[in-house]
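Okay, structure first, notes after.
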Amino acid sequence: MRHLRALGKYFWKYRARLGAGILFVVLSNYFNVLSPQLMRFIINYVDNALSLTNSPPENTDEGYDFLVRKVIDWIGVQNDVGRVVIIASLIILLLALLRSFFMFLMRQTIIVMSRHIEYDQKNEVYAKYQSLDNLFFKRHAIGDLMNRIAEDVSRVRIFTGPAIMYIVNLVSVIALSVFFMLKSSKELTFYVLIPLPILAVIIYFVNSTIHKKANGYRKLCRI
């Protein structure tokens with residue numbers, strides 16, 4: 001991992017794009033976790049409205065986000081069930097559009113940042129090549145040197161772009177989901193989270209196997 005410290009100067013250079021990208025990832029996932037909460041309210045609302053028995057109204061302070069509670073208070077005063085469902089559907093559509101918009105901004109910041117870093121790294125490698133003498137190029141194959149400036153730098157870009165984006169996305173999704181799940185039901189959250197460590201281990205071994213087989217296939221193709 002210490003080799004990754006060399007990327008610190010690039011992250012600092014493009015810190016504005018990196019910070020904005022992380023913010024857009026969190027906002028995208030925030031609007032994503034609001035939709036199930038609103039859906040939960042609508043299902044309970046329609047169930048209570050169509051039920052023959054008068055069920056007590058749902059406590060909107062339990063398990064709901066602040067914005068969702070405001071929306072519930074706004075649409076809850078409507079007496080027409082169909083009107084409430086239509087309004088809630090439009091709000092859910094709006095939340096999906098907001099999530100998509102921030103996902104677009106997320107890629108326009110983090111992925112574009114990785115492209116800038118890739119461009120800078122290729123320029124540095126090319127500048128290093130120009131400073132070397134002819135003896136170096138006689139000892140090393142030109143194709144191998146060109147592969148390093150193309151393939152190797154491109155693999156680094158996967159870390160500086162998609163890897164960071166997906167790590168931040170995963171952490172923010174888990175954090176927001178678990179937070180609202182705990183607010184709704186601590187016991188149910190505990191049962192849901194039990195299989196996650198087992199799934200993580202299985203996914204790790206499956207990905208490692210796929211990666212090894214893919215690299216072996218590439219070596220066979222080169223031969």
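Labeling convention for the structure tokens: chains A, B, ... as they appear, residues from 1 per chain, ligands from 1 in order of appearance.
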Query raised in the report: Could you pull the residues within 12 Å of Asp80 in chain A, counting only C-alpha atoms, minus those fewer than 5 positions along the same chain, as a PyMOL selection string?
Result: chain A and resi 45-46+49-50+75+85-87
Mind dumping the selected residues with N, CA, C and O atoms as a CSV table (one decimal), in the first residue's frame?
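Heads up, here's the output in out_38.csv:
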```
chain,number,residue,atom,x,y,z
A,45,TYR,N,-50.4,3.8,4.4
A,45,TYR,CA,-51.5,4.8,4.3
A,45,TYR,C,-52.6,4.2,3.5
A,45,TYR,O,-53.8,4.3,3.9
A,46,VAL,N,-52.3,3.6,2.4
A,46,VAL,CA,-53.4,3.0,1.5
A,46,VAL,C,-54.0,1.8,2.3
A,46,VAL,O,-55.2,1.6,2.2
A,49,ALA,N,-56.3,3.1,4.8
A,49,ALA,CA,-57.5,3.8,4.2
A,49,ALA,C,-58.5,2.8,3.6
A,49,ALA,O,-59.7,3.0,3.7
A,50,LEU,N,-58.0,1.6,3.1
A,50,LEU,CA,-58.9,0.6,2.6
A,50,LEU,C,-59.3,-0.4,3.6
A,50,LEU,O,-60.1,-1.3,3.2
A,75,ILE,N,-48.5,15.8,2.4
A,75,ILE,CA,-49.5,15.1,1.7
A,75,ILE,C,-50.4,14.3,2.5
A,75,ILE,O,-51.5,13.9,2.1
A,85,VAL,N,-51.6,9.1,-3.5
A,85,VAL,CA,-50.7,8.1,-4.2
A,85,VAL,C,-50.1,8.8,-5.4
A,85,VAL,O,-48.9,8.6,-5.7
A,86,ILE,N,-50.8,9.6,-6.1
A,86,ILE,CA,-50.2,10.3,-7.3
A,86,ILE,C,-49.1,11.3,-6.9
A,86,ILE,O,-48.1,11.3,-7.5
A,87,ILE,N,-49.4,12.0,-5.8
A,87,ILE,CA,-48.4,13.0,-5.3
A,87,ILE,C,-47.1,12.3,-4.9
A,87,ILE,O,-46.0,12.7,-5.2
```
Requested in this report: Just give me the gap between CA of Tyr191 in chain A and CA of Gly63 in chain A in Å, one decimal is fine.
Outcome: 17.1 Å
Query raised in the report: In Å, how far is it from CA of Phe137 in chain A to CA of Val153 in chain A?
Result: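 About the pair CA of Phe137 in chain A and CA of Val153 in chain A: they are 19.6 Å apart.
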Query raised in the report: Any idea what the distance is between CA of Ala141 in chain A and CA of Arg2 in chain A?
Result: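 So the two atoms, CA of Ala141 in chain A and CA of Arg2 in chain A, lie 28.5 Å apart.
For the residues A:Lys186, A:Arg115, A:Arg5, A:Arg139, ranking by smallest atom-to-atom distance to Arg157 in chain A using only C-alpha atoms places A:Arg115 first.
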Query raised in the report: From the list A:Gln37, A:Ile202, A:Tyr129, A:Arg107, which residue is nearest Ile72 in chain A when using only C-alpha atoms?
Result: A:Gln37
Query raised in the report: Using only C-alpha atoms, which of the listed residues (A:Ile203, A:Ala6, A:Leu176, A:Ser154) sits closest to His116 in chain A?
Result: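 Looking at the shortest contact to His116 in chain A, the residue is A:Ser154.
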Requested in this report: Name all residues at most 12 Å from Tyr119 in chain A (count only C-alpha atoms; drop same-chain ones fewer than 3 positions away) and give them as number ranges by chain.
Outcome: A: 10, 112-116, 122-126, 149-150, 153-154, 156-157
Query raised in the report: Among range 21-183 of chain A, which residues carry a DSSP assignment of helix (DSSP H, G or I), reported as a VMD selection string?
Result: chain A and resid 21 to 50 66 to 75 81 to 130 134 to 139 142 to 183
Report task. Considering only C-alpha atoms, return as a VMD selection string whatever protein or nucleic-acid residues lie within 12 Å of Ile91 in chain A, sequence-local ones (same chain, fewer than 2 positions apart) excluded. Result -> chain A and resid 31 34 to 39 42 67 to 68 71 to 72 74 to 75 84 to 89 93 to 98
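Nearest to Ile167 in chain A of all the residues A:Ile110, A:Ala20, A:Ile92, A:Val192 is A:Ile110, counting only C-alpha atoms.
Candidate residues A:Ile210, A:Lys13, A:Val25, A:Leu199 were compared for distance to Leu105 in chain A, and the nearest is A:Val25, using only C-alpha atoms.
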